[in-house]
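Below is the file run38.cif, which contains mmCIF, C-alpha atoms and all ligand atoms.
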data_target
loop_
_atom_site.label_atom_id
_atom_site.label_comp_id
_atom_site.auth_asym_id
_atom_site.auth_seq_id
_atom_site.Cartn_x
_atom_site.Cartn_y
_atom_site.Cartn_z
CA PHE V 1 -6.11 0.36 22.19
CA SER V 2 -3.38 1.68 24.44
CA VAL V 3 -2.39 5.30 23.84
CA GLU V 4 1.10 6.80 23.82
CA TYR V 5 0.78 10.57 24.04
CA HIS V 6 3.36 13.21 23.04
CA ASP V 7 3.08 16.99 23.39
CA SER V 8 5.38 17.28 20.41
CA ILE V 9 6.88 14.67 18.10
CA ALA V 10 8.36 14.64 14.59
CA SER V 11 5.71 12.32 13.15
CA THR V 12 3.31 9.96 14.89
CA ASN V 13 3.57 7.65 11.85
CA ASN V 14 7.35 7.39 12.32
CA ARG V 15 6.94 6.49 15.98
CA ALA V 16 4.14 4.02 15.16
CA ARG V 17 6.33 2.31 12.54
CA GLU V 18 9.07 1.99 15.14
CA LEU V 19 6.63 0.37 17.58
CA ALA V 20 5.28 -1.89 14.83
CA GLY V 21 8.82 -3.03 14.08
CA GLU V 22 9.18 -3.97 17.76
CA GLY V 23 6.08 -6.15 17.53
CA ALA V 24 3.52 -3.78 19.06
CA THR V 25 -0.15 -3.97 18.16
CA ASP V 26 -3.30 -1.98 18.91
CA VAL V 27 -1.21 0.98 20.02
CA VAL V 28 -2.19 4.56 19.23
CA VAL V 29 0.48 7.24 19.04
CA LEU V 30 -1.16 10.62 19.64
CA ALA V 31 0.38 14.11 19.55
CA ASP V 32 -0.66 17.71 20.08
CA GLU V 33 1.95 18.93 17.58
CA GLN V 34 4.14 17.36 14.89
CA THR V 35 7.34 19.02 13.75
CA GLY V 36 7.87 16.74 10.75
CA GLY V 37 4.36 15.60 9.81
CA ARG V 38 4.23 13.55 6.62
CA GLY V 39 1.50 13.50 3.99
CA ARG V 40 0.79 11.17 1.11
CA LEU V 41 3.10 11.16 -1.92
CA GLU V 42 6.09 12.42 0.10
CA ARG V 43 4.36 15.70 0.83
CA GLU V 44 4.79 17.65 4.04
CA TRP V 45 1.83 17.85 6.41
CA THR V 46 1.33 21.00 8.50
CA ALA V 47 0.56 19.88 12.05
CA PRO V 48 0.56 22.72 14.60
CA SER V 49 -0.52 22.46 18.25
CA GLY V 50 -4.29 22.00 18.66
CA GLY V 51 -4.76 19.29 16.07
CA VAL V 52 -5.50 15.60 16.39
CA TRP V 53 -2.46 13.82 14.97
CA LEU V 54 -2.50 10.11 15.53
CA SER V 55 -1.32 6.78 14.17
CA VAL V 56 -2.76 3.35 14.94
CA VAL V 57 -0.60 0.20 14.80
CA CYS V 58 -2.52 -2.94 13.79
CA ARG V 59 -1.52 -6.47 12.88
CA PRO V 60 -4.56 -7.75 11.02
CA ASP V 61 -4.72 -11.19 9.47
CA ILE V 62 -5.58 -9.92 5.97
CA ALA V 63 -4.06 -9.85 2.50
CA PRO V 64 -2.35 -6.57 1.53
CA ALA V 65 -5.01 -6.07 -1.16
CA ARG V 66 -7.56 -5.53 1.62
CA ALA V 67 -5.45 -2.95 3.43
CA PRO V 68 -7.15 0.01 1.70
CA LEU V 69 -10.27 -0.95 3.69
CA TYR V 70 -8.39 0.05 6.84
CA THR V 71 -7.80 3.49 5.41
CA LEU V 72 -11.45 3.79 4.36
CA ALA V 73 -12.50 2.63 7.84
CA ILE V 74 -10.46 5.41 9.47
CA SER V 75 -11.93 7.98 7.10
CA VAL V 76 -15.47 6.82 7.97
CA ALA V 77 -14.56 7.02 11.67
CA THR V 78 -13.06 10.49 11.23
CA ALA V 79 -16.06 11.81 9.31
CA ARG V 80 -18.46 10.45 11.95
CA ALA V 81 -16.45 11.98 14.81
CA ALA V 82 -16.31 15.31 12.93
CA ARG V 83 -20.07 15.23 12.39
CA GLU V 84 -20.57 14.66 16.11
CA ALA V 85 -18.47 17.81 16.63
CA GLY V 86 -20.94 19.73 14.43
CA VAL V 87 -18.99 19.72 11.16
CA ASP V 88 -20.63 18.99 7.79
CA ALA V 89 -18.01 16.33 7.01
CA TRP V 90 -17.89 14.16 3.88
CA ILE V 91 -15.32 11.88 2.30
CA LYS V 92 -13.46 12.60 -0.91
CA TRP V 93 -12.14 9.40 -2.49
CA PRO V 94 -10.05 7.74 -1.42
CA ASN V 95 -9.87 9.08 2.11
CA ASP V 96 -9.73 12.82 2.62
CA VAL V 97 -12.38 14.16 4.96
CA VAL V 98 -13.65 17.43 3.51
CA VAL V 99 -16.26 20.11 4.11
CA PRO V 100 -18.24 21.25 1.05
CA THR V 101 -18.13 25.00 0.43
CA ASP V 102 -21.11 25.06 -1.96
CA ASP V 103 -23.12 22.52 -3.95
CA THR V 104 -20.78 22.30 -6.96
CA GLY V 105 -18.47 19.72 -5.40
CA ASP V 106 -15.98 22.29 -4.12
CA TYR V 107 -14.57 21.63 -0.64
CA ARG V 108 -11.98 22.39 2.01
CA LYS V 109 -9.86 19.65 3.52
CA LEU V 110 -10.32 18.81 7.19
CA SER V 111 -8.32 15.59 7.41
CA GLY V 112 -5.96 13.36 5.47
CA ILE V 113 -4.66 9.86 6.15
CA LEU V 114 -1.24 8.33 5.66
CA THR V 115 -1.30 4.51 5.66
CA GLU V 116 1.92 2.52 5.68
CA MET V 117 2.40 -1.22 5.92
CA GLU V 118 4.82 -4.09 5.78
CA GLY V 119 4.22 -7.70 4.87
CA GLU V 120 4.38 -10.50 2.36
CA THR V 121 2.33 -10.71 -0.81
CA ASP V 122 -0.30 -12.85 0.92
CA ARG V 123 -0.38 -11.41 4.43
CA VAL V 124 0.05 -8.06 6.13
CA GLU V 125 2.61 -8.06 8.94
CA TRP V 126 1.67 -4.68 10.33
CA ILE V 127 -0.25 -1.68 9.16
CA VAL V 128 -0.04 1.89 10.47
CA VAL V 129 -3.07 4.07 9.76
CA GLY V 130 -2.38 7.73 10.45
CA PRO V 131 -5.19 10.27 10.25
CA GLY V 132 -4.43 13.94 10.82
CA ILE V 133 -7.39 16.12 11.75
CA ASN V 134 -7.26 19.91 11.78
CA ALA V 135 -9.12 20.30 15.06
CA ASN V 136 -8.65 23.37 17.26
CA ILE V 137 -6.54 25.35 14.82
CA ASP V 138 -7.00 28.80 13.25
CA ALA V 139 -7.49 28.74 9.49
CA ASP V 140 -4.52 31.06 8.96
CA ALA V 141 -2.19 28.44 10.47
CA LEU V 142 -3.27 25.96 7.79
CA PRO V 143 -2.38 25.57 4.10
CA ALA V 144 -4.66 27.03 1.41
CA GLY V 145 -7.72 24.89 0.78
CA ALA V 146 -7.75 23.51 4.31
CA THR V 147 -10.25 24.05 7.12
CA SER V 148 -10.50 23.07 10.78
CA ILE V 149 -13.14 22.00 13.28
CA ARG V 150 -12.59 25.34 15.05
CA GLU V 151 -13.33 27.17 11.80
CA GLU V 152 -16.44 25.13 10.96
CA ALA V 153 -18.05 24.52 14.33
CA GLY V 154 -15.91 25.89 17.17
CA ASP V 155 -13.45 23.98 19.35
CA VAL V 156 -13.97 20.31 20.01
CA ASP V 157 -13.16 18.28 23.13
CA ARG V 158 -10.24 16.37 21.61
CA ARG V 159 -10.35 13.52 24.10
CA ARG V 160 -13.97 12.81 23.25
CA PHE V 161 -13.26 13.19 19.53
CA VAL V 162 -10.43 10.63 19.68
CA GLN V 163 -12.58 8.23 21.73
CA ARG V 164 -15.37 8.37 19.16
CA LEU V 165 -12.95 8.00 16.27
CA LEU V 166 -11.27 4.94 17.80
CA ALA V 167 -14.59 3.34 18.77
CA GLU V 168 -15.87 3.66 15.18
CA PHE V 169 -12.58 2.41 13.74
CA ASP V 170 -12.56 -0.58 16.09
CA ARG V 171 -16.06 -1.52 15.01
CA TYR V 172 -15.24 -1.44 11.29
CA ARG V 173 -11.88 -3.15 11.43
CA THR V 174 -13.60 -6.20 12.88
CA ASP V 175 -16.32 -6.03 10.21
CA LEU V 176 -14.51 -5.06 7.01
CA GLU V 177 -17.53 -5.98 4.88
CA ALA V 178 -19.39 -3.06 6.43
CA VAL V 179 -16.75 -0.48 5.50
CA VAL V 180 -17.61 0.25 1.88
CA PRO V 181 -21.39 0.57 2.48
CA ALA V 182 -20.66 3.02 5.34
CA TRP V 183 -18.14 4.87 3.18
CA ARG V 184 -20.67 5.20 0.32
CA GLU V 185 -23.12 7.02 2.59
CA LEU V 186 -20.49 9.65 3.40
CA ALA V 187 -18.96 9.96 -0.08
CA LEU V 188 -18.92 13.38 -1.69
CA THR V 189 -17.15 11.97 -4.75
CA LEU V 190 -19.88 9.68 -6.13
CA GLY V 191 -21.81 11.39 -8.91
CA GLN V 192 -19.08 14.01 -9.37
CA ARG V 193 -17.04 14.70 -12.46
CA VAL V 194 -13.49 13.91 -11.43
CA ARG V 195 -9.93 13.94 -12.63
CA VAL V 196 -7.76 11.19 -11.16
CA ASP V 197 -3.99 11.30 -11.36
CA ARG V 198 -2.65 7.78 -11.16
CA PRO V 199 0.66 6.11 -11.95
CA ALA V 200 -0.75 4.88 -15.29
CA GLY V 201 -1.86 8.37 -16.34
CA GLU V 202 -4.70 10.83 -15.87
CA LEU V 203 -8.39 9.92 -16.13
CA VAL V 204 -11.40 12.19 -16.46
CA GLY V 205 -15.00 11.08 -16.09
CA GLU V 206 -17.90 10.65 -13.72
CA ALA V 207 -17.30 8.77 -10.46
CA VAL V 208 -20.10 6.20 -10.45
CA ASP V 209 -19.24 3.61 -7.81
CA VAL V 210 -16.71 2.10 -5.42
CA THR V 211 -15.90 -1.61 -5.51
CA GLY V 212 -15.89 -3.92 -2.49
CA SER V 213 -12.17 -3.30 -2.06
CA GLY V 214 -12.54 0.46 -2.18
CA ALA V 215 -11.48 1.15 -5.78
CA LEU V 216 -13.22 3.99 -7.63
CA VAL V 217 -15.21 3.23 -10.78
CA ILE V 218 -15.11 6.03 -13.34
CA GLU V 219 -17.32 6.33 -16.41
CA THR V 220 -15.05 7.83 -19.08
CA ASP V 221 -15.61 8.53 -22.78
CA ASP V 222 -13.88 5.20 -23.44
CA GLY V 223 -15.95 3.19 -20.97
CA ARG V 224 -15.72 2.24 -17.32
CA VAL V 225 -12.34 2.22 -15.61
CA THR V 226 -11.57 1.05 -12.06
CA VAL V 227 -8.86 2.92 -10.16
CA SER V 228 -7.44 1.54 -6.95
CA ALA V 229 -5.08 4.39 -6.08
CA GLY V 230 -4.49 7.94 -7.16
CA ASP V 231 -5.06 11.61 -6.45
CA CYS V 232 -8.62 12.67 -7.13
CA GLU V 233 -9.87 16.16 -7.90
CA HIS V 234 -13.53 17.14 -8.26
CA LEU V 235 -14.26 19.13 -11.43
CA ARG V 236 -17.12 21.53 -11.99
C1 LIG M 301 -2.44 13.46 3.28
O1 LIG M 301 -3.58 13.89 3.07
O2 LIG M 301 -1.50 13.70 2.52
C2 LIG M 301 -2.23 12.60 4.49
C3 LIG M 301 -1.87 13.39 5.72
C4 LIG M 301 -1.64 12.51 6.93
C5 LIG M 301 -1.20 13.28 8.15
C6 LIG M 301 -1.19 12.45 9.39
S1 LIG M 301 -1.01 13.36 10.89
C7 LIG M 301 -0.79 11.86 11.81
C8 LIG M 301 0.09 10.99 10.94
N1 LIG M 301 1.50 11.28 11.16
C9 LIG M 301 2.08 11.80 10.06
O3 LIG M 301 3.28 12.15 9.96
N2 LIG M 301 1.19 11.87 9.06
C10 LIG M 301 -0.12 11.37 9.47
#
Translate this structure into structure tokens?
Ligand code: BTN
Amino acid sequence: FSVEYHDSIASTNNRARELAGEGATDVVVLADEQTGGRGRLEREWTAPSGGVWLSVVCRPDIAPARAPLYTLAISVATARAAREAGVDAWIKWPNDVVVPTDDTGDYRKLSGILTEMEGETDRVEWIVVGPGINANIDADALPAGATSIREEAGDVDRRRFVQRLLAEFDRYRTDLEAVVPAWRELALTLGQRVRVDRPAGELVGEAVDVTGSGALVIETDDGRVTVSAGDCEHLR
């Protein structure tokens, strides 16, 4: 990967999309601070100085249906890098990296990922995977329910963290079959009672599995349901 670094930028995903549109590939846009960070579902993402805010531009030869594996791969890479930094990091489906606060399934969020892509129905043209990691940031500069590496384990060497994250991501993007098994080992969601908000309505049940394409299988009162996208909350 080549890296384009910014002290401050509106959103690394915006810049990465611009580069993708110009034909770039394997470029990482990295920033210390974002002034207009974007989250999933049109939410804002708080991204003060001290974090790891990055977006990777890829042009994989895959069908759009496999694109969620890229997001899962980045979440595996992020969780591994966070563990190396001393954080008890786990993944909440589909791709938040969280730190459990107790053994009831409760957690604080360390990282989220915004994935955007363009392409035909049968082939991805480009994909931008953008993880944001609350690294060397005080908890009081973060939204409620969030935590940081500083808070959990003390400051991390961000250069080393990014290197580890990109090395792990690079390994999995070339071996997509290995992504879900690796994800399963880090999943906090499996075995939990969950509520999933999806376009087709809300679902409550026990999260029992993930499919090969990264969809969550939920055992509900009306039987097993597979959900490929949605907002997931762990219930007690
Ligand atoms: C979420 O959990 O809602 C996803 C948050 C994604 C934030 C990252 S920070 C780097 C990249 N650039 C952005 O504007 N957003 C993503």
message: Show me which residues are within 6 Å of ligand LIG 301 (chain M) counting all atoms listed in the file, and format the list as JSON, numbers by chain.
response: {"V": [11, 12, 13, 37, 38, 39, 40, 45, 53, 54, 55, 112, 113, 114, 130, 131, 132]}
message: Set the distance at 8 Å and use all atoms listed in the file: which residues neighbour Ser8 (chain V) once local chain neighbours fewer than 3 positions away are removed? I'd like the list as a PyMOL selection string.
response: chain V and resi 31-35
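The closest residue to Ser2 (chain V), picked from V:Asp26, V:Asp96, V:Asp197, V:Glu206 and counting only C-alpha atoms, is V:Asp26.
Coordinates place CA of Glu177 (chain V) at a distance of 19.7 Å from CA of Val208 (chain V).
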- prompt: Which one of V:Asp103, V:Arg59, V:Glu219, V:Ala187 sits closest to Ala89 (chain V) if you count all atoms listed in the file?
  reply: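 For Ala89 (chain V), the nearest of the candidates is V:Ala187.
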File output, region 6-126 of chain V (C-alpha atoms) as a compact mmCIF listing (two decimals), in the first residue's frame:
# COMPACT_ATOMS: atom_id res chain seq x y z
CA HIS V 6 -2.98 14.36 6.37
CA ASP V 7 -2.69 16.15 9.72
CA SER V 8 -6.29 17.20 9.28
CA ILE V 9 -8.88 16.36 6.63
CA ALA V 10 -12.68 16.42 6.40
CA SER V 11 -13.02 12.67 5.89
CA THR V 12 -10.48 10.10 4.77
CA ASN V 13 -13.32 8.18 3.08
CA ASN V 14 -14.18 11.23 0.96
CA ARG V 15 -10.58 11.61 -0.14
CA ALA V 16 -10.28 7.86 -0.80
CA ARG V 17 -13.43 7.93 -2.96
CA GLU V 18 -11.93 10.79 -4.94
CA LEU V 19 -8.73 8.79 -5.51
CA ALA V 20 -10.76 5.69 -6.40
CA GLY V 21 -12.64 7.72 -9.00
CA GLU V 22 -9.28 8.70 -10.52
CA GLY V 23 -8.34 5.04 -10.86
CA ALA V 24 -6.11 4.66 -7.79
CA THR V 25 -5.68 1.33 -6.05
CA ASP V 26 -3.96 0.04 -2.91
CA VAL V 27 -3.76 3.56 -1.53
CA VAL V 28 -4.30 4.33 2.15
CA VAL V 29 -5.50 7.77 3.20
CA LEU V 30 -4.51 8.35 6.82
CA ALA V 31 -5.25 11.31 9.09
CA ASP V 32 -4.54 12.46 12.63
CA GLU V 33 -7.83 14.38 12.78
CA GLN V 34 -11.05 14.50 10.75
CA THR V 35 -13.29 17.54 10.79
CA GLY V 36 -16.20 15.86 9.00
CA GLY V 37 -15.82 12.17 9.84
CA ARG V 38 -18.68 10.03 8.60
CA GLY V 39 -20.20 6.97 10.26
CA ARG V 40 -22.57 4.32 9.01
CA LEU V 41 -26.20 5.21 8.31
CA GLU V 42 -25.40 8.89 7.66
CA ARG V 43 -24.25 9.38 11.23
CA GLU V 44 -21.46 11.73 12.24
CA TRP V 45 -18.22 10.20 13.50
CA THR V 46 -16.21 12.05 16.16
CA ALA V 47 -12.57 11.99 15.06
CA PRO V 48 -10.29 14.23 17.15
CA SER V 49 -6.49 14.39 16.92
CA GLY V 50 -4.78 11.26 18.30
CA GLY V 51 -6.94 8.69 16.56
CA VAL V 52 -6.24 6.34 13.68
CA TRP V 53 -8.55 7.44 10.88
CA LEU V 54 -7.87 5.71 7.62
CA SER V 55 -9.43 4.54 4.37
CA VAL V 56 -8.08 1.91 2.00
CA VAL V 57 -8.83 2.01 -1.74
CA CYS V 58 -8.99 -1.44 -3.38
CA ARG V 59 -10.06 -2.70 -6.78
CA PRO V 60 -10.70 -6.38 -6.15
CA ASP V 61 -11.97 -8.73 -8.82
CA ILE V 62 -15.00 -9.89 -6.80
CA ALA V 63 -18.78 -9.74 -6.98
CA PRO V 64 -20.41 -7.01 -4.83
CA ALA V 65 -22.03 -9.76 -2.73
CA ARG V 66 -18.56 -10.65 -1.43
CA ALA V 67 -17.69 -7.08 -0.48
CA PRO V 68 -18.84 -7.50 3.14
CA LEU V 69 -15.87 -9.86 3.54
CA TYR V 70 -13.60 -6.85 3.04
CA THR V 71 -15.28 -5.10 5.93
CA LEU V 72 -15.01 -8.21 8.10
CA ALA V 73 -11.34 -8.53 7.12
CA ILE V 74 -10.62 -4.98 8.29
CA SER V 75 -12.43 -5.61 11.56
CA VAL V 76 -10.36 -8.77 12.15
CA ALA V 77 -7.21 -6.76 11.35
CA THR V 78 -8.27 -3.94 13.68
CA ALA V 79 -9.08 -6.29 16.55
CA ARG V 80 -5.73 -8.08 16.16
CA ALA V 81 -3.80 -4.78 16.10
CA ALA V 82 -5.74 -3.59 19.17
CA ARG V 83 -4.94 -6.82 21.01
CA GLU V 84 -1.27 -6.33 20.22
CA ALA V 85 -1.62 -2.89 21.84
CA GLY V 86 -2.90 -4.60 25.01
CA VAL V 87 -6.64 -4.08 24.53
CA ASP V 88 -9.21 -6.83 25.18
CA ALA V 89 -10.74 -6.32 21.73
CA TRP V 90 -13.63 -8.31 20.25
CA ILE V 91 -15.91 -7.89 17.25
CA LYS V 92 -19.60 -7.04 17.44
CA TRP V 93 -21.41 -8.10 14.26
CA PRO V 94 -21.06 -6.93 11.66
CA ASN V 95 -17.87 -4.98 12.22
CA ASP V 96 -17.58 -2.82 15.31
CA VAL V 97 -14.52 -3.54 17.42
CA VAL V 98 -15.57 -3.36 21.06
CA VAL V 99 -14.21 -3.92 24.55
CA PRO V 100 -16.44 -5.91 26.94
CA THR V 101 -17.20 -4.13 30.21
CA ASP V 102 -18.41 -7.25 32.05
CA ASP V 103 -19.49 -10.77 31.11
CA THR V 104 -23.11 -9.96 30.23
CA GLY V 105 -22.35 -8.91 26.65
CA ASP V 106 -22.11 -5.21 27.48
CA TYR V 107 -19.31 -3.31 25.73
CA ARG V 108 -17.75 0.00 24.75
CA LYS V 109 -16.96 0.80 21.14
CA LEU V 110 -13.32 1.17 20.11
CA SER V 111 -13.69 1.23 16.33
CA GLY V 112 -16.24 1.37 13.54
CA ILE V 113 -15.91 0.88 9.79
CA LEU V 114 -17.49 2.69 6.89
CA THR V 115 -17.32 0.73 3.62
CA GLU V 116 -18.34 2.31 0.34
CA MET V 117 -18.14 0.89 -3.16
CA GLU V 118 -19.00 1.35 -6.78
CA GLY V 119 -19.51 -1.25 -9.48
CA GLU V 120 -21.80 -3.33 -11.61
CA THR V 121 -24.06 -6.09 -10.35
CA ASP V 122 -21.45 -8.72 -11.17
CA ARG V 123 -18.18 -6.95 -10.39
CA VAL V 124 -16.87 -4.38 -7.95
CA GLU V 125 -15.12 -1.43 -9.59
CA TRP V 126 -13.62 -0.04 -6.42
